[in-house]
Amino acid sequence: MEKIKLNNGVEMPLIGYGVYLVTPEECEKCVSDALAVGYRSIDTAQAYLNEEGVGKAWKKSGLKREDLFLTTKVWITNSGDKKAADSIDNSLKKLQTDYIDLLLIHQPFGDYYGTYRAMERALKDGKIRAIGVSNFYYDRFEDLADNMEIKPAVNQLEVNVFSQQKRMQEICSAYGTHLMAWGPLVHGENGIFTNPVLEGIGTKYGKTAAQVALRFLVQSGIIVIPKSVRIERMKENLEILDFTLSNEEMEKISKLDTGHGIAADFTDIEQLLGLYHILKSMKV
C-alpha cells in the first residue's frame, strides 16, 4: 500500500476505507471485508456510532495493531478540554486499542480550541500518533493552526473531481497539512460514474470512471477514504495504484472543478449556519 508521510513523520496509507453511513449493525462485517481485500486504513468517527464495529472487526482480523491505521473524530458535543479528553478514552475503548493513529476535530463548532488542546496532550501521552481537523476552511483553519503548538497533520474536507479544493490545498500546504478526502466519489452523485471525461480516460487503462477519479486524487497527494458496503466495489476502489495519469489527463480532470462543494458548500454562510443548527440538535 502506498503511503504518505505526515508533518510529524507518521506514515499513513493514501487509500483507506471510510465507514460514514455504515450502520452499527453492518459495520463489523464491512470492515472485516475491507481488511480482507487489503485495506489497512479505516476512518470512523464518534458521530458515526460504529467505532465498536471497527474495533471488533480489526481485533478478529488477525492483523498486528502496528499494521493498521485507525482514524476517528471528536464530535461537537464532546468539545472542550475535559469532555474531549474523556471522549478520547471512550473511543480507545470502543476501538479496542491503546492508541489512535489519527484523531480529528469533526466540525469547527463548540470549544474546538479546548478540544485541540486535549488532543495535543493525548498526543504527548502516546494515546494518539497524529492530530488534525475536519471541515475547517480558510480563516478557521489558519486561526487554529497559527495559535496551537502542534500544526494539524491532516484536514479532512469534501474533495473530489468536482470540488478539488485548490485554494485549501495551497493554504494547508503552508502548514505541512495534508488534505484527506471525504466523499471522494461524491456519494455517487453529479454523474461521476458516467462522466465522459473520466470514462474516456478510463477506457485507455481498462479502468472505471470511479477508479480514474480516485487515481486523480491520490496522484495529487490527497488521501482518499471511499466507502462501499459491497466487497467487489471495495476491491475496485483499492485497485488504482497500477496506472498513472499523464499530465494532459490530469489537466483535463482538473477542469472538472466547480470551485465549490457538491455535498456541502462550507463557503456559503447560509448553508453553513443551517448545518450548524442541524448538528447542534444532534444528540450523539
# chains A, B, ... in the order shown; residues from 1 in each chain; ligands from 1
>>> closest_atom_pairs(of="range 51-155 of chain A", to="range 9-24 of chain A", cutoff="9 Å", atoms="only C-alpha atoms", output="tab-separated table")
residue	atom	partner	partner_atom	distance
A:Glu51	CA	A:Pro24	CA	8.1
A:Glu52	CA	A:Pro24	CA	7.8
A:Gly53	CA	A:Pro24	CA	6.3
A:Val54	CA	A:Val19	CA	8.7
A:Phe69	CA	A:Met12	CA	6.9
A:Asp101	CA	A:Met12	CA	8.6
A:Leu102	CA	A:Met12	CA	9.0
A:Arg129	CA	A:Val10	CA	7.2
A:Ala130	CA	A:Val10	CA	7.2
>>> residues_around(residues="Ala181 in chain A", least_positions_apart="5", cutoff="8 Å", atoms="only C-alpha atoms", output="number ranges by chain")
A: 156-160, 222-225
>>> write_last_selection(atoms="N, CA, C and O atoms", output="compact mmCIF listing (two decimals), in the first residue's frame")
# COMPACT_ATOMS: atom_id res chain seq x y z
N GLN A 156 -9.48 17.02 6.84
CA GLN A 156 -10.38 16.20 6.04
C GLN A 156 -11.53 17.07 5.53
O GLN A 156 -12.28 17.65 6.32
N LEU A 157 -11.64 17.15 4.21
CA LEU A 157 -12.64 18.00 3.56
C LEU A 157 -13.36 17.21 2.47
O LEU A 157 -12.90 16.15 2.06
N GLU A 158 -14.46 17.77 1.99
CA GLU A 158 -15.05 17.20 0.78
C GLU A 158 -14.11 17.53 -0.38
O GLU A 158 -13.95 18.69 -0.76
N VAL A 159 -13.49 16.50 -0.92
CA VAL A 159 -12.60 16.67 -2.07
C VAL A 159 -12.94 15.60 -3.09
O VAL A 159 -12.99 14.42 -2.77
N ASN A 160 -13.19 16.01 -4.31
CA ASN A 160 -13.46 15.10 -5.42
C ASN A 160 -13.18 15.85 -6.72
O ASN A 160 -12.77 17.02 -6.68
N ILE A 222 -3.53 13.53 -2.33
CA ILE A 222 -4.68 13.63 -1.42
C ILE A 222 -5.08 12.23 -0.94
O ILE A 222 -5.22 11.31 -1.74
N ILE A 223 -5.26 12.09 0.36
CA ILE A 223 -5.66 10.82 0.97
C ILE A 223 -7.15 10.60 0.69
O ILE A 223 -7.95 11.53 0.82
N VAL A 224 -7.52 9.38 0.31
CA VAL A 224 -8.92 9.10 -0.01
C VAL A 224 -9.46 7.98 0.88
O VAL A 224 -8.74 7.07 1.25
N ILE A 225 -10.76 8.07 1.20
CA ILE A 225 -11.40 7.05 2.04
C ILE A 225 -12.76 6.69 1.45
O ILE A 225 -13.80 6.93 2.08
>>> residues_around(residues="Ile100 in chain A", least_positions_apart="3", cutoff="10 Å", atoms="only C-alpha atoms", output="list in words")
Phe69, Leu70, Thr71, Thr72, Ile88, Ser91, Leu92, Leu95, Gln96, Thr97, Leu103, Ala122, Leu123, Gly126, Lys127, Ile128, Arg129, Ala130 and Ile131 of chain A
>>> closest_residue(among="A:Ala118, A:Met1, A:Ala264, A:Ala57", to="Glu26 in chain A", atoms="only C-alpha atoms")
A:Ala57
>>> closest_residue(among="A:Leu35, A:Phe193, A:Ile76, A:Asp43", to="Lys59 in chain A", atoms="only C-alpha atoms")
A:Leu35
>>> select_by_dssp(residues="range 8-63 of chain A", states="alpha helix (DSSP H)", output="list in words")
Pro24, Glu25, Glu26, Cys27, Glu28, Lys29, Cys30, Val31, Ser32, Asp33, Ala34, Leu35, Ala36, Val37, Glu51, Glu52, Gly53, Val54, Gly55, Lys56, Ala57, Trp58, Lys59, Lys60 and Ser61 of chain A
>>> write_last_selection(atoms="N, CA and C atoms", output="mmCIF file, in the first residue's frame")
data_model
loop_
_atom_site.group_PDB
_atom_site.id
_atom_site.type_symbol
_atom_site.label_atom_id
_atom_site.label_comp_id
_atom_site.auth_asym_id
_atom_site.auth_seq_id
_atom_site.Cartn_x
_atom_site.Cartn_y
_atom_site.Cartn_z
ATOM 1 N N PRO A 24 -24.249 0.731 12.504
ATOM 2 C CA PRO A 24 -23.524 -0.026 13.527
ATOM 3 C C PRO A 24 -23.671 -1.537 13.336
ATOM 4 N N GLU A 25 -24.843 -1.966 12.849
ATOM 5 C CA GLU A 25 -25.111 -3.395 12.682
ATOM 6 C C GLU A 25 -24.268 -4.026 11.582
ATOM 7 N N GLU A 26 -24.005 -3.280 10.512
ATOM 8 C CA GLU A 26 -23.269 -3.853 9.385
ATOM 9 C C GLU A 26 -21.793 -3.484 9.379
ATOM 10 N N CYS A 27 -21.385 -2.603 10.303
ATOM 11 C CA CYS A 27 -20.014 -2.092 10.277
ATOM 12 C C CYS A 27 -18.978 -3.188 10.471
ATOM 13 N N GLU A 28 -19.179 -4.068 11.422
ATOM 14 C CA GLU A 28 -18.187 -5.106 11.690
ATOM 15 C C GLU A 28 -17.919 -5.952 10.451
ATOM 16 N N LYS A 29 -18.984 -6.358 9.753
ATOM 17 C CA LYS A 29 -18.816 -7.171 8.545
ATOM 18 C C LYS A 29 -18.122 -6.378 7.446
ATOM 19 N N CYS A 30 -18.538 -5.122 7.246
ATOM 20 C CA CYS A 30 -17.954 -4.317 6.175
ATOM 21 C C CYS A 30 -16.467 -4.075 6.406
ATOM 22 N N VAL A 31 -16.089 -3.750 7.636
ATOM 23 C CA VAL A 31 -14.671 -3.522 7.932
ATOM 24 C C VAL A 31 -13.888 -4.823 7.806
ATOM 25 N N SER A 32 -14.488 -5.940 8.221
ATOM 26 C CA SER A 32 -13.826 -7.239 8.057
ATOM 27 C C SER A 32 -13.567 -7.516 6.581
ATOM 28 N N ASP A 33 -14.553 -7.231 5.726
ATOM 29 C CA ASP A 33 -14.389 -7.408 4.281
ATOM 30 C C ASP A 33 -13.285 -6.496 3.745
ATOM 31 N N ALA A 34 -13.295 -5.240 4.199
ATOM 32 C CA ALA A 34 -12.295 -4.278 3.725
ATOM 33 C C ALA A 34 -10.880 -4.723 4.100
ATOM 34 N N LEU A 35 -10.706 -5.181 5.313
ATOM 35 C CA LEU A 35 -9.387 -5.655 5.745
ATOM 36 C C LEU A 35 -8.981 -6.904 4.963
ATOM 37 N N ALA A 36 -9.954 -7.761 4.666
ATOM 38 C CA ALA A 36 -9.666 -8.999 3.941
ATOM 39 C C ALA A 36 -9.176 -8.738 2.518
ATOM 40 N N VAL A 37 -9.694 -7.664 1.884
ATOM 41 C CA VAL A 37 -9.280 -7.386 0.498
ATOM 42 C C VAL A 37 -8.048 -6.491 0.433
ATOM 43 N N GLU A 51 -17.853 2.961 15.969
ATOM 44 C CA GLU A 51 -16.483 2.691 16.400
ATOM 45 C C GLU A 51 -16.349 1.269 16.960
ATOM 46 N N GLU A 52 -17.378 0.808 17.664
ATOM 47 C CA GLU A 52 -17.307 -0.540 18.246
ATOM 48 C C GLU A 52 -17.210 -1.608 17.162
ATOM 49 N N GLY A 53 -17.930 -1.409 16.048
ATOM 50 C CA GLY A 53 -17.857 -2.353 14.931
ATOM 51 C C GLY A 53 -16.472 -2.403 14.334
ATOM 52 N N VAL A 54 -15.822 -1.239 14.230
ATOM 53 C CA VAL A 54 -14.445 -1.182 13.727
ATOM 54 C C VAL A 54 -13.524 -1.945 14.668
ATOM 55 N N GLY A 55 -13.694 -1.708 15.974
ATOM 56 C CA GLY A 55 -12.857 -2.385 16.960
ATOM 57 C C GLY A 55 -13.003 -3.896 16.915
ATOM 58 N N LYS A 56 -14.234 -4.372 16.826
ATOM 59 C CA LYS A 56 -14.482 -5.820 16.779
ATOM 60 C C LYS A 56 -13.875 -6.432 15.514
ATOM 61 N N ALA A 57 -14.013 -5.718 14.384
ATOM 62 C CA ALA A 57 -13.521 -6.249 13.111
ATOM 63 C C ALA A 57 -12.009 -6.383 13.097
ATOM 64 N N TRP A 58 -11.310 -5.346 13.528
ATOM 65 C CA TRP A 58 -9.840 -5.439 13.447
ATOM 66 C C TRP A 58 -9.294 -6.435 14.462
ATOM 67 N N LYS A 59 -9.944 -6.546 15.627
ATOM 68 C CA LYS A 59 -9.454 -7.472 16.646
ATOM 69 C C LYS A 59 -9.548 -8.928 16.193
ATOM 70 N N LYS A 60 -10.570 -9.245 15.408
ATOM 71 C CA LYS A 60 -10.719 -10.627 14.956
ATOM 72 C C LYS A 60 -10.028 -10.884 13.613
ATOM 73 N N SER A 61 -9.405 -9.840 13.034
ATOM 74 C CA SER A 61 -8.794 -9.966 11.710
ATOM 75 C C SER A 61 -7.477 -10.728 11.724
#
>>> closest_residue(among="A:Thr203, A:Asn195, A:Gln219, A:Ser163", to="Ala263 in chain A", atoms="only C-alpha atoms")
A:Ser163
>>> closest_residue(among="A:Ala153, A:Val197, A:Met119, A:Leu68", to="Asp86 in chain A", atoms="only C-alpha atoms")
A:Met119
>>> residues_around(residues="range 132-149 of chain A", least_positions_apart="6", cutoff="10 Å", atoms="only C-alpha atoms", output="number ranges by chain")
A: 73-74, 102-109, 112-113, 116-117, 119-120, 155-158, 165, 167-168, 171-172, 174-175, 177-182, 264, 266-267
>>> select_by_dssp(residues="range 117-208 of chain A", states="strand (DSSP E)", output="ChimeraX atom specification")
/A:128-134,154-158,178-182
>>> write_last_selection(atoms="C-alpha atoms", output="PDB file, in the first residue's frame")
ATOM      1  CA  ILE A 128      -2.596   9.407  19.581  1.00  0.00           C
ATOM      2  CA  ARG A 129       0.058   9.397  16.870  1.00  0.00           C
ATOM      3  CA  ALA A 130      -1.159  12.384  14.811  1.00  0.00           C
ATOM      4  CA  ILE A 131      -3.846  15.051  15.154  1.00  0.00           C
ATOM      5  CA  GLY A 132      -5.770  17.224  12.746  1.00  0.00           C
ATOM      6  CA  VAL A 133      -9.119  18.693  11.803  1.00  0.00           C
ATOM      7  CA  SER A 134     -12.095  18.038   9.563  1.00  0.00           C
ATOM      8  CA  VAL A 154      -4.495  16.439   8.219  1.00  0.00           C
ATOM      9  CA  ASN A 155      -7.552  18.447   7.197  1.00  0.00           C
ATOM     10  CA  GLN A 156     -10.381  16.198   6.043  1.00  0.00           C
ATOM     11  CA  LEU A 157     -12.635  18.000   3.562  1.00  0.00           C
ATOM     12  CA  GLU A 158     -15.054  17.204   0.777  1.00  0.00           C
ATOM     13  CA  HIS A 178      -2.307  17.068   4.041  1.00  0.00           C
ATOM     14  CA  LEU A 179      -5.818  17.021   2.616  1.00  0.00           C
ATOM     15  CA  MET A 180      -7.908  13.922   3.227  1.00  0.00           C
ATOM     16  CA  ALA A 181     -10.944  13.499   1.016  1.00  0.00           C
ATOM     17  CA  TRP A 182     -14.347  12.596   2.350  1.00  0.00           C
TER      18      TRP A 182
END
>>> residues_around(residues="Thr258 in chain A", least_positions_apart="4", cutoff="9 Å", atoms="only C-alpha atoms", output="VMD selection string")
chain A and resid 161 to 164 262
>>> write_last_selection(atoms="N, CA, C and O atoms", output="CSV table (one decimal), in the first residue's frame")
chain,number,residue,atom,x,y,z
A,161,VAL,N,-13.4,15.2,-7.8
A,161,VAL,CA,-13.0,15.8,-9.1
A,161,VAL,C,-13.8,17.1,-9.4
A,161,VAL,O,-13.4,18.0,-10.1
A,162,PHE,N,-15.0,17.2,-8.8
A,162,PHE,CA,-15.9,18.4,-9.0
A,162,PHE,C,-15.7,19.4,-7.9
A,162,PHE,O,-16.1,20.6,-8.1
A,163,SER,N,-15.0,19.1,-6.8
A,163,SER,CA,-14.7,20.0,-5.8
A,163,SER,C,-13.3,19.7,-5.3
A,163,SER,O,-13.0,19.0,-4.3
A,164,GLN,N,-12.3,20.3,-6.0
A,164,GLN,CA,-10.9,19.9,-5.9
A,164,GLN,C,-10.2,20.7,-4.8
A,164,GLN,O,-9.0,20.4,-4.5
A,262,ILE,N,-19.9,20.0,-3.4
A,262,ILE,CA,-21.1,19.4,-4.1
A,262,ILE,C,-22.1,18.9,-3.0
A,262,ILE,O,-23.3,19.3,-3.0
>>> closest_residue(among="A:Glu249, A:Glu232, A:Glu189, A:Asp257", to="Lys204 in chain A", atoms="only C-alpha atoms")
A:Glu249
>>> residues_around(residues="Tyr205 in chain A", least_positions_apart="6", cutoff="12 Å", atoms="only C-alpha atoms", output="VMD selection string")
chain A and resid 198 to 199 211 to 212 215 239 to 246 249
>>> decode(residues="range 17-129 of chain A", atoms="C-alpha atoms", output="PDB file, in the first residue's frame")
ATOM      1  CA  TYR A  17     -11.894   2.610   3.916  1.00  0.00           C
ATOM      2  CA  GLY A  18     -14.488   5.065   5.254  1.00  0.00           C
ATOM      3  CA  VAL A  19     -17.456   3.916   7.350  1.00  0.00           C
ATOM      4  CA  TYR A  20     -19.604   7.049   7.156  1.00  0.00           C
ATOM      5  CA  LEU A  21     -23.275   5.968   6.838  1.00  0.00           C
ATOM      6  CA  VAL A  22     -22.349   2.344   7.530  1.00  0.00           C
ATOM      7  CA  THR A  23     -24.823   1.275  10.196  1.00  0.00           C
ATOM      8  CA  PRO A  24     -23.524  -0.026  13.527  1.00  0.00           C
ATOM      9  CA  GLU A  25     -25.111  -3.395  12.682  1.00  0.00           C
ATOM     10  CA  GLU A  26     -23.269  -3.853   9.385  1.00  0.00           C
ATOM     11  CA  CYS A  27     -20.014  -2.092  10.277  1.00  0.00           C
ATOM     12  CA  GLU A  28     -18.187  -5.106  11.690  1.00  0.00           C
ATOM     13  CA  LYS A  29     -18.816  -7.171   8.545  1.00  0.00           C
ATOM     14  CA  CYS A  30     -17.954  -4.317   6.175  1.00  0.00           C
ATOM     15  CA  VAL A  31     -14.671  -3.522   7.932  1.00  0.00           C
ATOM     16  CA  SER A  32     -13.826  -7.239   8.057  1.00  0.00           C
ATOM     17  CA  ASP A  33     -14.389  -7.408   4.281  1.00  0.00           C
ATOM     18  CA  ALA A  34     -12.295  -4.278   3.725  1.00  0.00           C
ATOM     19  CA  LEU A  35      -9.387  -5.655   5.745  1.00  0.00           C
ATOM     20  CA  ALA A  36      -9.666  -8.999   3.941  1.00  0.00           C
ATOM     21  CA  VAL A  37      -9.280  -7.386   0.498  1.00  0.00           C
ATOM     22  CA  GLY A  38      -6.281  -5.314   1.565  1.00  0.00           C
ATOM     23  CA  TYR A  39      -7.303  -2.050   3.234  1.00  0.00           C
ATOM     24  CA  ARG A  40      -5.085  -1.109   6.151  1.00  0.00           C
ATOM     25  CA  SER A  41      -6.563   2.292   6.978  1.00  0.00           C
ATOM     26  CA  ILE A  42     -10.050   2.672   8.473  1.00  0.00           C
ATOM     27  CA  ASP A  43     -11.793   6.025   9.006  1.00  0.00           C
ATOM     28  CA  THR A  44     -14.602   6.294  11.553  1.00  0.00           C
ATOM     29  CA  ALA A  45     -15.956   8.916  13.976  1.00  0.00           C
ATOM     30  CA  GLN A  46     -17.725   9.213  17.288  1.00  0.00           C
ATOM     31  CA  ALA A  47     -20.766  10.598  15.463  1.00  0.00           C
ATOM     32  CA  TYR A  48     -20.982   7.570  13.144  1.00  0.00           C
ATOM     33  CA  LEU A  49     -21.875   5.391  16.154  1.00  0.00           C
ATOM     34  CA  ASN A  50     -19.886   2.490  14.693  1.00  0.00           C
ATOM     35  CA  GLU A  51     -16.483   2.691  16.400  1.00  0.00           C
ATOM     36  CA  GLU A  52     -17.307  -0.540  18.246  1.00  0.00           C
ATOM     37  CA  GLY A  53     -17.857  -2.353  14.931  1.00  0.00           C
ATOM     38  CA  VAL A  54     -14.445  -1.182  13.727  1.00  0.00           C
ATOM     39  CA  GLY A  55     -12.857  -2.385  16.960  1.00  0.00           C
ATOM     40  CA  LYS A  56     -14.482  -5.820  16.779  1.00  0.00           C
ATOM     41  CA  ALA A  57     -13.521  -6.249  13.111  1.00  0.00           C
ATOM     42  CA  TRP A  58      -9.840  -5.439  13.447  1.00  0.00           C
ATOM     43  CA  LYS A  59      -9.454  -7.472  16.646  1.00  0.00           C
ATOM     44  CA  LYS A  60     -10.719 -10.627  14.956  1.00  0.00           C
ATOM     45  CA  SER A  61      -8.794  -9.966  11.710  1.00  0.00           C
ATOM     46  CA  GLY A  62      -5.519 -11.411  12.954  1.00  0.00           C
ATOM     47  CA  LEU A  63      -3.666  -8.248  11.930  1.00  0.00           C
ATOM     48  CA  LYS A  64      -0.984  -6.772  14.142  1.00  0.00           C
ATOM     49  CA  ARG A  65      -2.013  -3.399  15.524  1.00  0.00           C
ATOM     50  CA  GLU A  66       1.065  -1.742  14.008  1.00  0.00           C
ATOM     51  CA  ASP A  67      -0.068  -2.874  10.545  1.00  0.00           C
ATOM     52  CA  LEU A  68      -3.333  -0.955  10.846  1.00  0.00           C
ATOM     53  CA  PHE A  69      -4.061   2.792  10.686  1.00  0.00           C
ATOM     54  CA  LEU A  70      -7.149   3.905  12.644  1.00  0.00           C
ATOM     55  CA  THR A  71      -8.718   7.359  12.313  1.00  0.00           C
ATOM     56  CA  THR A  72     -11.592   8.722  14.367  1.00  0.00           C
ATOM     57  CA  LYS A  73     -13.036  12.160  15.139  1.00  0.00           C
ATOM     58  CA  VAL A  74     -14.194  14.095  18.191  1.00  0.00           C
ATOM     59  CA  TRP A  75     -17.821  15.191  17.853  1.00  0.00           C
ATOM     60  CA  ILE A  76     -19.037  18.713  18.714  1.00  0.00           C
ATOM     61  CA  THR A  77     -20.986  17.576  21.799  1.00  0.00           C
ATOM     62  CA  ASN A  78     -17.633  16.416  23.189  1.00  0.00           C
ATOM     63  CA  SER A  79     -15.882  19.720  22.529  1.00  0.00           C
ATOM     64  CA  GLY A  80     -13.781  21.388  25.195  1.00  0.00           C
ATOM     65  CA  ASP A  81     -10.725  20.196  27.070  1.00  0.00           C
ATOM     66  CA  LYS A  82     -12.288  17.880  29.673  1.00  0.00           C
ATOM     67  CA  LYS A  83     -15.111  16.429  27.557  1.00  0.00           C
ATOM     68  CA  ALA A  84     -12.803  15.843  24.607  1.00  0.00           C
ATOM     69  CA  ALA A  85     -10.253  14.081  26.818  1.00  0.00           C
ATOM     70  CA  ASP A  86     -12.953  11.793  28.220  1.00  0.00           C
ATOM     71  CA  SER A  87     -14.284  11.074  24.719  1.00  0.00           C
ATOM     72  CA  ILE A  88     -10.803  10.102  23.507  1.00  0.00           C
ATOM     73  CA  ASP A  89     -10.582   7.483  26.246  1.00  0.00           C
ATOM     74  CA  ASN A  90     -14.061   6.256  25.304  1.00  0.00           C
ATOM     75  CA  SER A  91     -13.067   5.959  21.628  1.00  0.00           C
ATOM     76  CA  LEU A  92      -9.966   3.984  22.614  1.00  0.00           C
ATOM     77  CA  LYS A  93     -12.168   1.507  24.476  1.00  0.00           C
ATOM     78  CA  LYS A  94     -14.638   1.160  21.611  1.00  0.00           C
ATOM     79  CA  LEU A  95     -11.856   0.687  19.088  1.00  0.00           C
ATOM     80  CA  GLN A  96     -10.144  -1.821  21.403  1.00  0.00           C
ATOM     81  CA  THR A  97      -6.761  -0.164  21.042  1.00  0.00           C
ATOM     82  CA  ASP A  98      -4.124   1.543  23.177  1.00  0.00           C
ATOM     83  CA  TYR A  99      -3.645   4.326  20.642  1.00  0.00           C
ATOM     84  CA  ILE A 100      -5.378   6.055  17.744  1.00  0.00           C
ATOM     85  CA  ASP A 101      -3.255   6.745  14.669  1.00  0.00           C
ATOM     86  CA  LEU A 102      -5.059   9.927  13.628  1.00  0.00           C
ATOM     87  CA  LEU A 103      -7.590  11.948  15.625  1.00  0.00           C
ATOM     88  CA  LEU A 104      -9.505  14.824  14.050  1.00  0.00           C
ATOM     89  CA  ILE A 105     -11.890  17.510  15.275  1.00  0.00           C
ATOM     90  CA  HIS A 106     -15.013  16.623  13.298  1.00  0.00           C
ATOM     91  CA  GLN A 107     -16.514  20.106  12.836  1.00  0.00           C
ATOM     92  CA  PRO A 108     -15.357  23.685  13.608  1.00  0.00           C
ATOM     93  CA  PHE A 109     -18.082  24.270  16.210  1.00  0.00           C
ATOM     94  CA  GLY A 110     -18.115  24.419  20.003  1.00  0.00           C
ATOM     95  CA  ASP A 111     -14.918  24.890  22.004  1.00  0.00           C
ATOM     96  CA  TYR A 112     -12.662  23.371  19.396  1.00  0.00           C
ATOM     97  CA  TYR A 113      -9.627  25.148  20.842  1.00  0.00           C
ATOM     98  CA  GLY A 114     -10.139  23.247  24.094  1.00  0.00           C
ATOM     99  CA  THR A 115     -10.648  20.072  22.088  1.00  0.00           C
ATOM    100  CA  TYR A 116      -7.400  20.604  20.229  1.00  0.00           C
ATOM    101  CA  ARG A 117      -5.507  21.223  23.476  1.00  0.00           C
ATOM    102  CA  ALA A 118      -6.827  17.901  24.794  1.00  0.00           C
ATOM    103  CA  MET A 119      -5.683  16.261  21.573  1.00  0.00           C
ATOM    104  CA  GLU A 120      -2.210  17.793  21.854  1.00  0.00           C
ATOM    105  CA  ARG A 121      -1.942  16.420  25.382  1.00  0.00           C
ATOM    106  CA  ALA A 122      -3.144  12.972  24.295  1.00  0.00           C
ATOM    107  CA  LEU A 123      -0.545  13.021  21.520  1.00  0.00           C
ATOM    108  CA  LYS A 124       2.208  13.730  24.025  1.00  0.00           C
ATOM    109  CA  ASP A 125       0.845  10.972  26.289  1.00  0.00           C
ATOM    110  CA  GLY A 126       1.058   8.412  23.465  1.00  0.00           C
ATOM    111  CA  LYS A 127      -2.682   7.901  23.087  1.00  0.00           C
ATOM    112  CA  ILE A 128      -2.596   9.407  19.581  1.00  0.00           C
ATOM    113  CA  ARG A 129       0.058   9.397  16.870  1.00  0.00           C
TER     114      ARG A 129
END
